[in-house]
file coords-v7.cif (mmCIF, C-alpha atoms)
data_target
#
loop_
_atom_site.group_PDB
_atom_site.id
_atom_site.type_symbol
_atom_site.label_atom_id
_atom_site.label_comp_id
_atom_site.auth_asym_id
_atom_site.auth_seq_id
_atom_site.Cartn_x
_atom_site.Cartn_y
_atom_site.Cartn_z
ATOM 1 C CA MET X 1 0.000 0.000 0.000
ATOM 2 C CA ALA X 2 1.335 3.407 -0.941
ATOM 3 C CA VAL X 3 2.243 5.878 1.769
ATOM 4 C CA ARG X 4 0.837 9.389 1.419
ATOM 5 C CA VAL X 5 3.574 12.003 1.769
ATOM 6 C CA GLY X 6 2.969 15.739 1.960
ATOM 7 C CA TYR X 7 5.366 18.500 0.967
ATOM 8 C CA GLN X 8 5.107 22.183 0.140
ATOM 9 C CA GLY X 9 4.574 23.220 -3.441
ATOM 10 C CA ASN X 10 4.189 21.670 -6.856
ATOM 11 C CA HIS X 11 6.232 19.457 -9.173
ATOM 12 C CA GLY X 12 9.893 20.387 -9.203
ATOM 13 C CA THR X 13 10.248 22.000 -5.768
ATOM 14 C CA PHE X 14 13.225 21.039 -3.667
ATOM 15 C CA SER X 15 10.757 19.645 -1.128
ATOM 16 C CA GLU X 16 9.458 17.225 -3.757
ATOM 17 C CA ILE X 17 13.049 16.282 -4.583
ATOM 18 C CA ALA X 18 13.584 15.541 -0.880
ATOM 19 C CA VAL X 19 10.489 13.313 -0.808
ATOM 20 C CA LEU X 20 11.556 11.399 -3.902
ATOM 21 C CA GLU X 21 15.014 10.780 -2.467
ATOM 22 C CA TYR X 22 13.963 9.799 1.058
ATOM 23 C CA PHE X 23 11.154 7.508 -0.112
ATOM 24 C CA LYS X 24 12.919 6.295 -3.260
ATOM 25 C CA ASP X 25 12.422 2.633 -2.338
ATOM 26 C CA ALA X 26 8.806 2.973 -1.163
ATOM 27 C CA GLU X 27 5.497 2.927 -2.999
ATOM 28 C CA LYS X 28 4.251 6.442 -2.466
ATOM 29 C CA GLU X 29 1.594 9.006 -3.293
ATOM 30 C CA LEU X 30 2.947 12.552 -3.416
ATOM 31 C CA CYS X 31 0.661 15.251 -2.031
ATOM 32 C CA GLY X 32 1.591 18.869 -2.725
ATOM 33 C CA CYS X 33 0.398 21.316 -0.046
ATOM 34 C CA PRO X 34 0.181 25.120 -0.117
ATOM 35 C CA ASP X 35 2.084 25.706 3.130
ATOM 36 C CA PHE X 36 3.729 24.110 6.173
ATOM 37 C CA PRO X 37 0.672 24.298 8.498
ATOM 38 C CA THR X 38 -1.410 22.369 5.965
ATOM 39 C CA ILE X 39 1.210 19.602 5.873
ATOM 40 C CA LEU X 40 1.199 19.299 9.664
ATOM 41 C CA GLU X 41 -2.587 19.530 9.949
ATOM 42 C CA ARG X 42 -2.990 16.695 7.445
ATOM 43 C CA CYS X 43 -0.336 14.626 9.240
ATOM 44 C CA ALA X 44 -2.006 15.210 12.601
ATOM 45 C CA SER X 45 -5.414 14.177 11.230
ATOM 46 C CA GLY X 46 -4.028 11.003 9.637
ATOM 47 C CA ASP X 47 -4.807 12.186 6.112
ATOM 48 C CA LEU X 48 -1.057 12.032 5.397
ATOM 49 C CA ASP X 49 1.253 9.281 6.593
ATOM 50 C CA TYR X 50 4.273 11.573 6.474
ATOM 51 C CA GLY X 51 5.202 15.175 5.905
ATOM 52 C CA VAL X 52 8.551 16.544 4.746
ATOM 53 C CA LEU X 53 9.554 20.035 5.868
ATOM 54 C CA PRO X 54 12.755 22.070 5.425
ATOM 55 C CA VAL X 55 14.294 23.035 8.761
ATOM 56 C CA GLU X 56 17.809 24.302 8.039
ATOM 57 C CA ASN X 57 19.889 25.674 5.188
ATOM 58 C CA THR X 58 23.667 25.896 5.038
ATOM 59 C CA THR X 59 23.514 29.459 3.681
ATOM 60 C CA THR X 60 20.624 31.071 5.572
ATOM 61 C CA GLY X 61 20.534 28.889 8.702
ATOM 62 C CA LEU X 62 17.485 27.806 10.699
ATOM 63 C CA ILE X 63 14.130 27.823 8.874
ATOM 64 C CA ALA X 64 12.435 28.986 12.039
ATOM 65 C CA ARG X 65 8.814 28.793 10.977
ATOM 66 C CA SER X 66 9.135 25.032 10.473
ATOM 67 C CA TYR X 67 10.507 24.423 13.962
ATOM 68 C CA ASP X 68 8.019 26.817 15.550
ATOM 69 C CA LEU X 69 5.118 24.825 14.071
ATOM 70 C CA PHE X 70 6.290 21.618 15.759
ATOM 71 C CA LYS X 71 4.982 23.024 19.050
ATOM 72 C CA LEU X 72 1.449 23.276 17.672
ATOM 73 C CA TYR X 73 0.821 19.808 16.206
ATOM 74 C CA PRO X 74 1.011 16.242 17.582
ATOM 75 C CA VAL X 75 3.716 15.089 15.178
ATOM 76 C CA HIS X 76 7.300 13.962 15.624
ATOM 77 C CA ALA X 77 10.336 13.533 13.397
ATOM 78 C CA VAL X 78 11.327 10.028 12.284
ATOM 79 C CA GLY X 79 13.888 10.814 9.593
ATOM 80 C CA GLU X 80 15.981 13.437 7.859
ATOM 81 C CA ILE X 81 17.287 14.026 4.370
ATOM 82 C CA VAL X 82 19.724 16.634 3.045
ATOM 83 C CA VAL X 83 19.299 17.973 -0.497
ATOM 84 C CA PRO X 84 21.871 20.022 -2.454
ATOM 85 C CA ILE X 85 20.265 23.276 -3.585
ATOM 86 C CA ARG X 86 21.094 24.435 -7.103
ATOM 87 C CA GLU X 87 19.057 27.465 -8.089
ATOM 88 C CA ASP X 88 18.748 28.161 -11.809
ATOM 89 C CA CYS X 89 17.391 31.393 -13.221
ATOM 90 C CA ILE X 90 14.622 30.084 -15.475
ATOM 91 C CA GLY X 91 12.730 31.952 -18.158
ATOM 92 C CA LEU X 92 10.765 31.536 -21.349
ATOM 93 C CA ALA X 93 12.270 29.701 -24.298
ATOM 94 C CA GLY X 94 14.052 32.242 -26.450
ATOM 95 C CA ALA X 95 14.354 34.807 -23.649
ATOM 96 C CA ASP X 96 17.691 36.372 -22.711
ATOM 97 C CA LEU X 97 19.024 37.072 -19.220
ATOM 98 C CA SER X 98 19.688 40.698 -20.185
ATOM 99 C CA GLN X 99 15.939 41.209 -20.668
ATOM 100 C CA VAL X 100 14.938 40.092 -17.177
ATOM 101 C CA VAL X 101 13.770 42.732 -14.698
ATOM 102 C CA GLU X 102 11.590 40.636 -12.356
ATOM 103 C CA VAL X 103 12.668 37.376 -10.685
ATOM 104 C CA TYR X 104 10.159 35.316 -8.713
ATOM 105 C CA SER X 105 10.793 32.600 -6.143
ATOM 106 C CA HIS X 106 10.204 31.417 -2.598
ATOM 107 C CA PRO X 107 11.674 33.903 -0.067
ATOM 108 C CA GLU X 108 14.240 31.323 1.098
ATOM 109 C CA ALA X 109 15.494 30.838 -2.460
ATOM 110 C CA LEU X 110 15.704 34.585 -3.027
ATOM 111 C CA SER X 111 17.741 35.014 0.157
ATOM 112 C CA GLN X 112 20.155 32.286 -0.983
ATOM 113 C CA CYS X 113 20.977 34.134 -4.221
ATOM 114 C CA GLN X 114 21.937 37.613 -3.051
ATOM 115 C CA SER X 115 25.183 37.721 -5.037
ATOM 116 C CA PHE X 116 23.221 37.081 -8.229
ATOM 117 C CA PHE X 117 20.960 40.059 -7.538
ATOM 118 C CA ARG X 118 23.920 42.295 -6.649
ATOM 119 C CA SER X 119 25.515 41.466 -9.994
ATOM 120 C CA HIS X 120 22.218 42.182 -11.800
ATOM 121 C CA PRO X 121 20.995 45.358 -10.065
ATOM 122 C CA LYS X 122 18.143 45.979 -12.477
ATOM 123 C CA MET X 123 16.481 42.727 -11.415
ATOM 124 C CA LYS X 124 13.791 42.950 -8.747
ATOM 125 C CA ALA X 125 13.324 39.962 -6.425
ATOM 126 C CA ILE X 126 9.658 39.099 -5.887
ATOM 127 C CA ALA X 127 8.404 36.508 -3.387
ATOM 128 C CA ALA X 128 6.264 33.609 -4.607
ATOM 129 C CA GLN X 129 4.521 30.696 -2.886
ATOM 130 C CA ASP X 130 7.259 28.256 -3.844
ATOM 131 C CA THR X 131 9.992 27.811 -6.440
ATOM 132 C CA ALA X 132 7.995 25.650 -8.840
ATOM 133 C CA ALA X 133 4.927 27.884 -8.593
ATOM 134 C CA ALA X 134 7.179 30.777 -9.588
ATOM 135 C CA VAL X 135 8.238 28.926 -12.750
ATOM 136 C CA GLU X 136 4.621 28.136 -13.577
ATOM 137 C CA ALA X 137 3.603 31.776 -13.064
ATOM 138 C CA VAL X 138 6.374 33.031 -15.342
ATOM 139 C CA LYS X 139 5.323 30.574 -18.035
ATOM 140 C CA LYS X 140 1.678 31.682 -17.816
ATOM 141 C CA SER X 141 2.711 35.337 -18.010
ATOM 142 C CA GLY X 142 4.414 34.836 -21.389
ATOM 143 C CA ASP X 143 6.646 37.782 -20.486
ATOM 144 C CA PRO X 144 10.366 37.410 -21.379
ATOM 145 C CA LYS X 145 11.167 40.120 -18.821
ATOM 146 C CA LYS X 146 10.156 37.757 -16.020
ATOM 147 C CA ALA X 147 12.125 34.813 -14.655
ATOM 148 C CA ALA X 148 12.130 32.453 -11.684
ATOM 149 C CA LEU X 149 14.682 30.881 -9.367
ATOM 150 C CA ALA X 150 14.066 27.150 -9.104
ATOM 151 C CA SER X 151 15.480 23.692 -9.703
ATOM 152 C CA LYS X 152 16.320 22.555 -13.204
ATOM 153 C CA GLN X 153 13.671 19.858 -12.648
ATOM 154 C CA ALA X 154 11.011 22.537 -12.288
ATOM 155 C CA GLY X 155 12.210 24.212 -15.465
ATOM 156 C CA ALA X 156 12.079 20.929 -17.372
ATOM 157 C CA TYR X 157 8.637 20.069 -16.009
ATOM 158 C CA TYR X 158 7.151 23.343 -17.256
ATOM 159 C CA GLY X 159 9.096 23.371 -20.518
ATOM 160 C CA MET X 160 11.109 26.437 -19.594
ATOM 161 C CA MET X 161 14.705 27.466 -20.307
ATOM 162 C CA THR X 162 17.665 27.958 -17.975
ATOM 163 C CA LEU X 163 18.983 31.500 -18.493
ATOM 164 C CA ALA X 164 21.711 31.152 -15.847
ATOM 165 C CA ALA X 165 22.671 27.974 -13.997
ATOM 166 C CA SER X 166 23.530 27.545 -10.300
ATOM 167 C CA VAL X 167 23.178 31.176 -9.241
ATOM 168 C CA GLN X 168 23.008 30.402 -5.489
ATOM 169 C CA ASP X 169 25.554 32.170 -3.272
ATOM 170 C CA SER X 170 27.315 28.965 -2.221
ATOM 171 C CA ASN X 171 28.284 25.917 -4.240
ATOM 172 C CA THR X 172 27.815 23.875 -1.065
ATOM 173 C CA ASN X 173 24.296 25.200 -0.505
ATOM 174 C CA MET X 174 22.185 22.431 1.074
ATOM 175 C CA THR X 175 18.849 22.198 2.860
ATOM 176 C CA ARG X 176 18.071 19.749 5.635
ATOM 177 C CA PHE X 177 14.532 18.328 5.745
ATOM 178 C CA LEU X 178 12.789 16.455 8.559
ATOM 179 C CA VAL X 179 10.339 13.642 7.868
ATOM 180 C CA VAL X 180 7.446 13.833 10.350
ATOM 181 C CA THR X 181 4.443 11.688 11.236
ATOM 182 C CA SER X 182 1.692 11.384 13.824
ATOM 183 C CA HIS X 183 1.932 7.592 13.805
ATOM 184 C CA ASP X 184 3.413 5.736 16.763
ATOM 185 C CA GLU X 185 6.688 5.161 14.995
ATOM 186 C CA GLU X 186 10.309 5.338 16.100
ATOM 187 C CA ALA X 187 13.481 4.554 14.203
ATOM 188 C CA GLY X 188 15.218 1.724 16.048
ATOM 189 C CA ASP X 189 18.601 2.821 14.722
ATOM 190 C CA ALA X 190 18.039 6.479 15.643
ATOM 191 C CA ASP X 191 21.238 8.312 16.548
ATOM 192 C CA LYS X 192 20.019 11.911 16.580
ATOM 193 C CA ILE X 193 17.446 13.639 18.799
ATOM 194 C CA SER X 194 15.741 17.030 18.402
ATOM 195 C CA ILE X 195 14.252 18.811 21.415
ATOM 196 C CA MET X 196 12.895 22.207 22.433
ATOM 197 C CA LEU X 197 14.030 23.479 25.834
ATOM 198 C CA THR X 198 12.784 26.427 27.883
ATOM 199 C CA VAL X 199 14.652 27.401 31.047
ATOM 200 C CA ASP X 200 14.303 30.080 33.723
ATOM 201 C CA HIS X 201 15.191 33.568 32.565
ATOM 202 C CA THR X 202 17.982 33.777 35.130
ATOM 203 C CA PRO X 203 21.802 33.862 34.959
ATOM 204 C CA GLY X 204 23.339 30.462 34.396
ATOM 205 C CA SER X 205 20.116 28.558 33.710
ATOM 206 C CA LEU X 206 21.042 27.618 30.139
ATOM 207 C CA TYR X 207 24.633 26.920 31.174
ATOM 208 C CA HIS X 208 23.497 24.425 33.798
ATOM 209 C CA ALA X 209 21.040 22.756 31.389
ATOM 210 C CA LEU X 210 23.686 22.279 28.719
ATOM 211 C CA GLY X 211 26.064 21.063 31.406
ATOM 212 C CA ILE X 212 23.769 18.082 31.959
ATOM 213 C CA LEU X 213 24.394 16.976 28.382
ATOM 214 C CA ALA X 214 28.129 17.617 28.684
ATOM 215 C CA TYR X 215 28.353 15.698 31.976
ATOM 216 C CA ASN X 216 26.738 12.694 30.263
ATOM 217 C CA ASP X 217 29.168 12.962 27.357
ATOM 218 C CA ILE X 218 26.370 13.805 24.899
ATOM 219 C CA ASN X 219 27.441 15.712 21.794
ATOM 220 C CA ILE X 220 25.343 18.774 20.938
ATOM 221 C CA LEU X 221 24.985 19.056 17.166
ATOM 222 C CA LYS X 222 22.961 22.279 16.948
ATOM 223 C CA LEU X 223 21.739 24.997 19.307
ATOM 224 C CA GLU X 224 19.362 27.757 18.229
ATOM 225 C CA SER X 225 17.349 30.284 20.236
ATOM 226 C CA ARG X 226 13.821 31.402 19.362
ATOM 227 C CA PRO X 227 11.759 34.154 21.025
ATOM 228 C CA ILE X 228 8.715 33.103 23.026
ATOM 229 C CA PRO X 229 5.555 34.938 21.877
ATOM 230 C CA ASP X 230 4.067 37.232 24.567
ATOM 231 C CA GLU X 231 7.239 36.942 26.667
ATOM 232 C CA PRO X 232 9.547 39.715 25.425
ATOM 233 C CA PHE X 233 13.242 38.778 25.375
ATOM 234 C CA HIS X 234 12.576 35.304 26.758
ATOM 235 C CA TYR X 235 13.710 32.424 24.571
ATOM 236 C CA SER X 236 13.268 28.749 23.921
ATOM 237 C CA PHE X 237 16.161 26.716 22.579
ATOM 238 C CA TYR X 238 16.117 24.144 19.800
ATOM 239 C CA ILE X 239 18.778 21.526 20.400
ATOM 240 C CA ASP X 240 19.919 18.603 18.269
ATOM 241 C CA PHE X 241 22.204 16.092 19.937
ATOM 242 C CA ALA X 242 23.611 12.650 19.235
ATOM 243 C CA GLY X 243 21.884 9.699 20.872
ATOM 244 C CA ASN X 244 19.049 7.197 21.026
ATOM 245 C CA LEU X 245 16.011 7.559 23.292
ATOM 246 C CA LYS X 246 16.416 3.978 24.514
ATOM 247 C CA ASP X 247 19.951 4.626 25.722
ATOM 248 C CA PRO X 248 19.951 4.775 29.566
ATOM 249 C CA VAL X 249 22.469 7.629 29.475
ATOM 250 C CA VAL X 250 20.161 9.679 27.246
ATOM 251 C CA GLN X 251 17.156 8.819 29.417
ATOM 252 C CA THR X 252 19.008 10.017 32.514
ATOM 253 C CA ALA X 253 20.071 13.237 30.825
ATOM 254 C CA LEU X 254 16.542 13.994 29.606
ATOM 255 C CA SER X 255 15.131 13.281 33.060
ATOM 256 C CA LYS X 256 17.559 15.752 34.638
ATOM 257 C CA LEU X 257 16.861 18.303 31.899
ATOM 258 C CA ARG X 258 13.159 18.125 32.722
ATOM 259 C CA GLU X 259 13.956 18.846 36.363
ATOM 260 C CA HIS X 260 15.947 21.937 35.398
ATOM 261 C CA SER X 261 13.622 23.354 32.731
ATOM 262 C CA LEU X 262 10.268 25.064 32.472
ATOM 263 C CA ASP X 263 9.390 23.037 29.391
ATOM 264 C CA LEU X 264 11.055 20.254 27.436
ATOM 265 C CA ARG X 265 9.590 18.737 24.304
ATOM 266 C CA ILE X 266 11.076 15.960 22.218
ATOM 267 C CA PHE X 267 10.501 16.764 18.555
ATOM 268 C CA GLY X 268 11.806 13.420 17.341
ATOM 269 C CA ALA X 269 14.524 10.770 17.243
ATOM 270 C CA TYR X 270 15.838 9.561 13.900
ATOM 271 C CA LYS X 271 18.792 8.301 11.910
ATOM 272 C CA ALA X 272 21.096 11.155 10.945
ATOM 273 C CA PHE X 273 21.593 11.628 7.210
ATOM 274 C CA ARG X 274 24.975 10.420 6.006
ATOM 275 C CA GLY X 275 24.600 10.506 2.243
ATOM 276 C CA SER X 276 27.088 11.820 -0.278
ATOM 277 C CA PHE X 277 26.660 14.674 -2.728
#
call {"tool": "encode", "arguments": {"input": "coords-v7.cif", "output": "structure tokens"}}
result
Amino acid sequence: MAVRVGYQGNHGTFSEIAVLEYFKDAEKELCGCPDFPTILERCASGDLDYGVLPVENTTTGLIARSYDLFKLYPVHAVGEIVVPIREDCIGLAGADLSQVVEVYSHPEALSQCQSFFRSHPKMKAIAAQDTAAAVEAVKKSGDPKKAALASKQAGAYYGMMTLAASVQDSNTNMTRFLVVTSHDEEAGDADKISIMLTVDHTPGSLYHALGILAYNDINILKLESRPIPDEPFHYSFYIDFAGNLKDPVVQTALSKLREHSLDLRIFGAYKAFRGSF
């Protein structure tokens, strides 16, 4: 039976590429969604078996709105996949890059291509729902002065032309995606854990919390702060660390963290991505 997997956007988005790679050996039904909340709502209701959301980019860092949504839905991460991001400037067949004055794409993609815009100052960056939708919109416009930033797959799908290839700021630009579900599922070989931690707004509180992980010889892989709504200048912390939830050392550390925190939520435990590019 095919698993139903949700992702943001249409054919050719990097989210769809992530789905195809992570579930390459599974029978699957791909379900494009307009935004991240819709993916999580459909996962929470059971309409989707899995959702795939971007959470971090090597150029622009944390994709905060993804992590922030984890607090609102009864889902947890069971996997991750990392996708190289190659943004092409895509336009109509027969168009020329020198003609382009408007470039459409998802805000994340636009922010990852700032050098391209600095070298083409007449081009105006315009936000779109997603990268593939931007390509589709440019095609429908029929205007050679408009282009989109998207994957070459999106350009091929809509029969468009690459005007400039790989215009992203970094040649090592990659996005990390988490695979989430509401099912009672846990990866037995998990070696990475994501949590959200809130501590007292007092000197040393975060230091002592992180010290619990250090004392138990647990390697912190990522630490990010996020403001708490309605509590000015008070923050929660997103932490990724190495480990398995069944490990007694990890269980002890999490138990002590709960004692020293105002709130601790486990966003998921999964096998860290170790693919090659």
call {"tool": "residues_around", "arguments": {"input": "coords-v7.cif", "residues": "Val135 of chain X", "least_positions_apart": "4", "cutoff": "8 Å", "atoms": "only C-alpha atoms", "output": "list in words"}}
result
Ile90, Gly91, Tyr104, Ser105, Thr131, Lys139, Ala147, Ala148, Leu149, Ala150, Ala154, Gly155, Tyr158 and Met160 of chain X
call {"tool": "closest_residue", "arguments": {"input": "coords-v7.cif", "among": "X:Ala133, X:Cys31, X:Ala242, X:Val52", "to": "Leu221 of chain X", "atoms": "all atoms listed in the file"}}
result
X:Ala242
call {"tool": "resolve_selection", "arguments": {"input": "coords-v7.cif", "expression": "the PyMOL selection byres ((chain X and resi 182) around 9)", "output": "list in words"}}
result
Leu40, Cys43, Ala44, Ser45, Gly46, Leu48, Asp49, Tyr50, Tyr73, Pro74, Val75, His76, Ala77, Val180, Thr181, His183, Asp184 and Glu185 of chain X
call {"tool": "residues_around", "arguments": {"input": "coords-v7.cif", "residues": "Asn173 of chain X", "least_positions_apart": "2", "cutoff": "12 Å", "atoms": "all atoms listed in the file", "output": "PyMOL selection string"}}
result
chain X and resi 56-61+82-87+108-109+111-113+166-171+175-176+277
call {"tool": "resolve_selection", "arguments": {"input": "coords-v7.cif", "expression": "the PyMOL selection byres ((chain X and resi 9) around 10)", "output": "number ranges by chain"}}
result
X: 6-8, 10-16, 31-36, 106, 129-133
call {"tool": "decode", "arguments": {"input": "coords-v7.cif", "residues": "segment 124-155 of chain X", "atoms": "N, CA and C atoms", "output": "PDB file, in the first residue's frame"}}
result
ATOM      1  N   LYS X 124      14.540  42.807  -9.992  1.00  0.00           N
ATOM      2  CA  LYS X 124      13.791  42.950  -8.747  1.00  0.00           C
ATOM      3  C   LYS X 124      13.371  41.564  -8.257  1.00  0.00           C
ATOM      4  N   ALA X 125      13.705  41.249  -7.014  1.00  0.00           N
ATOM      5  CA  ALA X 125      13.324  39.962  -6.425  1.00  0.00           C
ATOM      6  C   ALA X 125      11.902  40.049  -5.884  1.00  0.00           C
ATOM      7  N   ILE X 126      11.068  39.089  -6.284  1.00  0.00           N
ATOM      8  CA  ILE X 126       9.658  39.099  -5.887  1.00  0.00           C
ATOM      9  C   ILE X 126       9.289  37.743  -5.293  1.00  0.00           C
ATOM     10  N   ALA X 127       8.733  37.746  -4.090  1.00  0.00           N
ATOM     11  CA  ALA X 127       8.404  36.508  -3.387  1.00  0.00           C
ATOM     12  C   ALA X 127       7.233  35.787  -4.045  1.00  0.00           C
ATOM     13  N   ALA X 128       7.331  34.463  -4.088  1.00  0.00           N
ATOM     14  CA  ALA X 128       6.264  33.609  -4.607  1.00  0.00           C
ATOM     15  C   ALA X 128       5.995  32.496  -3.595  1.00  0.00           C
ATOM     16  N   GLN X 129       4.923  31.745  -3.825  1.00  0.00           N
ATOM     17  CA  GLN X 129       4.521  30.696  -2.886  1.00  0.00           C
ATOM     18  C   GLN X 129       5.586  29.623  -2.752  1.00  0.00           C
ATOM     19  N   ASP X 130       6.158  29.214  -3.865  1.00  0.00           N
ATOM     20  CA  ASP X 130       7.259  28.256  -3.844  1.00  0.00           C
ATOM     21  C   ASP X 130       8.013  28.364  -5.160  1.00  0.00           C
ATOM     22  N   THR X 131       9.137  27.676  -5.264  1.00  0.00           N
ATOM     23  CA  THR X 131       9.992  27.811  -6.440  1.00  0.00           C
ATOM     24  C   THR X 131       9.310  27.330  -7.720  1.00  0.00           C
ATOM     25  N   ALA X 132       8.641  26.192  -7.645  1.00  0.00           N
ATOM     26  CA  ALA X 132       7.995  25.650  -8.840  1.00  0.00           C
ATOM     27  C   ALA X 132       6.798  26.499  -9.260  1.00  0.00           C
ATOM     28  N   ALA X 133       6.056  27.003  -8.275  1.00  0.00           N
ATOM     29  CA  ALA X 133       4.927  27.884  -8.593  1.00  0.00           C
ATOM     30  C   ALA X 133       5.421  29.150  -9.293  1.00  0.00           C
ATOM     31  N   ALA X 134       6.616  29.603  -8.934  1.00  0.00           N
ATOM     32  CA  ALA X 134       7.179  30.777  -9.588  1.00  0.00           C
ATOM     33  C   ALA X 134       7.447  30.492 -11.060  1.00  0.00           C
ATOM     34  N   VAL X 135       7.987  29.307 -11.354  1.00  0.00           N
ATOM     35  CA  VAL X 135       8.238  28.926 -12.750  1.00  0.00           C
ATOM     36  C   VAL X 135       6.922  28.864 -13.526  1.00  0.00           C
ATOM     37  N   GLU X 136       5.927  28.242 -12.921  1.00  0.00           N
ATOM     38  CA  GLU X 136       4.621  28.136 -13.577  1.00  0.00           C
ATOM     39  C   GLU X 136       4.032  29.517 -13.861  1.00  0.00           C
ATOM     40  N   ALA X 137       4.154  30.433 -12.889  1.00  0.00           N
ATOM     41  CA  ALA X 137       3.603  31.776 -13.064  1.00  0.00           C
ATOM     42  C   ALA X 137       4.316  32.531 -14.189  1.00  0.00           C
ATOM     43  N   VAL X 138       5.624  32.370 -14.269  1.00  0.00           N
ATOM     44  CA  VAL X 138       6.374  33.031 -15.342  1.00  0.00           C
ATOM     45  C   VAL X 138       5.952  32.472 -16.693  1.00  0.00           C
ATOM     46  N   LYS X 139       5.762  31.178 -16.775  1.00  0.00           N
ATOM     47  CA  LYS X 139       5.323  30.574 -18.035  1.00  0.00           C
ATOM     48  C   LYS X 139       3.956  31.116 -18.449  1.00  0.00           C
ATOM     49  N   LYS X 140       3.025  31.191 -17.504  1.00  0.00           N
ATOM     50  CA  LYS X 140       1.678  31.682 -17.816  1.00  0.00           C
ATOM     51  C   LYS X 140       1.695  33.146 -18.224  1.00  0.00           C
ATOM     52  N   SER X 141       2.660  33.909 -17.688  1.00  0.00           N
ATOM     53  CA  SER X 141       2.711  35.337 -18.010  1.00  0.00           C
ATOM     54  C   SER X 141       3.111  35.570 -19.466  1.00  0.00           C
ATOM     55  N   GLY X 142       3.941  34.662 -20.018  1.00  0.00           N
ATOM     56  CA  GLY X 142       4.414  34.836 -21.389  1.00  0.00           C
ATOM     57  C   GLY X 142       5.325  36.036 -21.561  1.00  0.00           C
ATOM     58  N   ASP X 143       5.855  36.552 -20.458  1.00  0.00           N
ATOM     59  CA  ASP X 143       6.646  37.782 -20.486  1.00  0.00           C
ATOM     60  C   ASP X 143       8.136  37.443 -20.380  1.00  0.00           C
ATOM     61  N   PRO X 144       8.927  37.727 -21.420  1.00  0.00           N
ATOM     62  CA  PRO X 144      10.366  37.410 -21.379  1.00  0.00           C
ATOM     63  C   PRO X 144      11.140  38.260 -20.378  1.00  0.00           C
ATOM     64  N   LYS X 145      10.507  39.284 -19.821  1.00  0.00           N
ATOM     65  CA  LYS X 145      11.167  40.120 -18.821  1.00  0.00           C
ATOM     66  C   LYS X 145      11.048  39.531 -17.413  1.00  0.00           C
ATOM     67  N   LYS X 146      10.333  38.403 -17.313  1.00  0.00           N
ATOM     68  CA  LYS X 146      10.156  37.757 -16.020  1.00  0.00           C
ATOM     69  C   LYS X 146      10.893  36.419 -16.000  1.00  0.00           C
ATOM     70  N   ALA X 147      11.432  36.080 -14.824  1.00  0.00           N
ATOM     71  CA  ALA X 147      12.125  34.813 -14.655  1.00  0.00           C
ATOM     72  C   ALA X 147      11.855  34.289 -13.249  1.00  0.00           C
ATOM     73  N   ALA X 148      12.329  33.076 -12.984  1.00  0.00           N
ATOM     74  CA  ALA X 148      12.130  32.453 -11.684  1.00  0.00           C
ATOM     75  C   ALA X 148      13.418  31.774 -11.236  1.00  0.00           C
ATOM     76  N   LEU X 149      13.592  31.673  -9.934  1.00  0.00           N
ATOM     77  CA  LEU X 149      14.682  30.881  -9.367  1.00  0.00           C
ATOM     78  C   LEU X 149      14.097  29.559  -8.899  1.00  0.00           C
ATOM     79  N   ALA X 150      14.621  28.464  -9.436  1.00  0.00           N
ATOM     80  CA  ALA X 150      14.066  27.150  -9.104  1.00  0.00           C
ATOM     81  C   ALA X 150      15.044  26.065  -9.543  1.00  0.00           C
ATOM     82  N   SER X 151      14.659  24.829  -9.282  1.00  0.00           N
ATOM     83  CA  SER X 151      15.480  23.692  -9.703  1.00  0.00           C
ATOM     84  C   SER X 151      15.366  23.492 -11.210  1.00  0.00           C
ATOM     85  N   LYS X 152      16.383  22.862 -11.778  1.00  0.00           N
ATOM     86  CA  LYS X 152      16.320  22.555 -13.204  1.00  0.00           C
ATOM     87  C   LYS X 152      15.171  21.595 -13.489  1.00  0.00           C
ATOM     88  N   GLN X 153      14.802  20.770 -12.476  1.00  0.00           N
ATOM     89  CA  GLN X 153      13.671  19.858 -12.648  1.00  0.00           C
ATOM     90  C   GLN X 153      12.368  20.625 -12.859  1.00  0.00           C
ATOM     91  N   ALA X 154      12.211  21.718 -12.110  1.00  0.00           N
ATOM     92  CA  ALA X 154      11.011  22.537 -12.288  1.00  0.00           C
ATOM     93  C   ALA X 154      10.989  23.163 -13.678  1.00  0.00           C
ATOM     94  N   GLY X 155      12.148  23.633 -14.128  1.00  0.00           N
ATOM     95  CA  GLY X 155      12.210  24.212 -15.465  1.00  0.00           C
ATOM     96  C   GLY X 155      11.856  23.200 -16.531  1.00  0.00           C
TER      97      GLY X 155
END
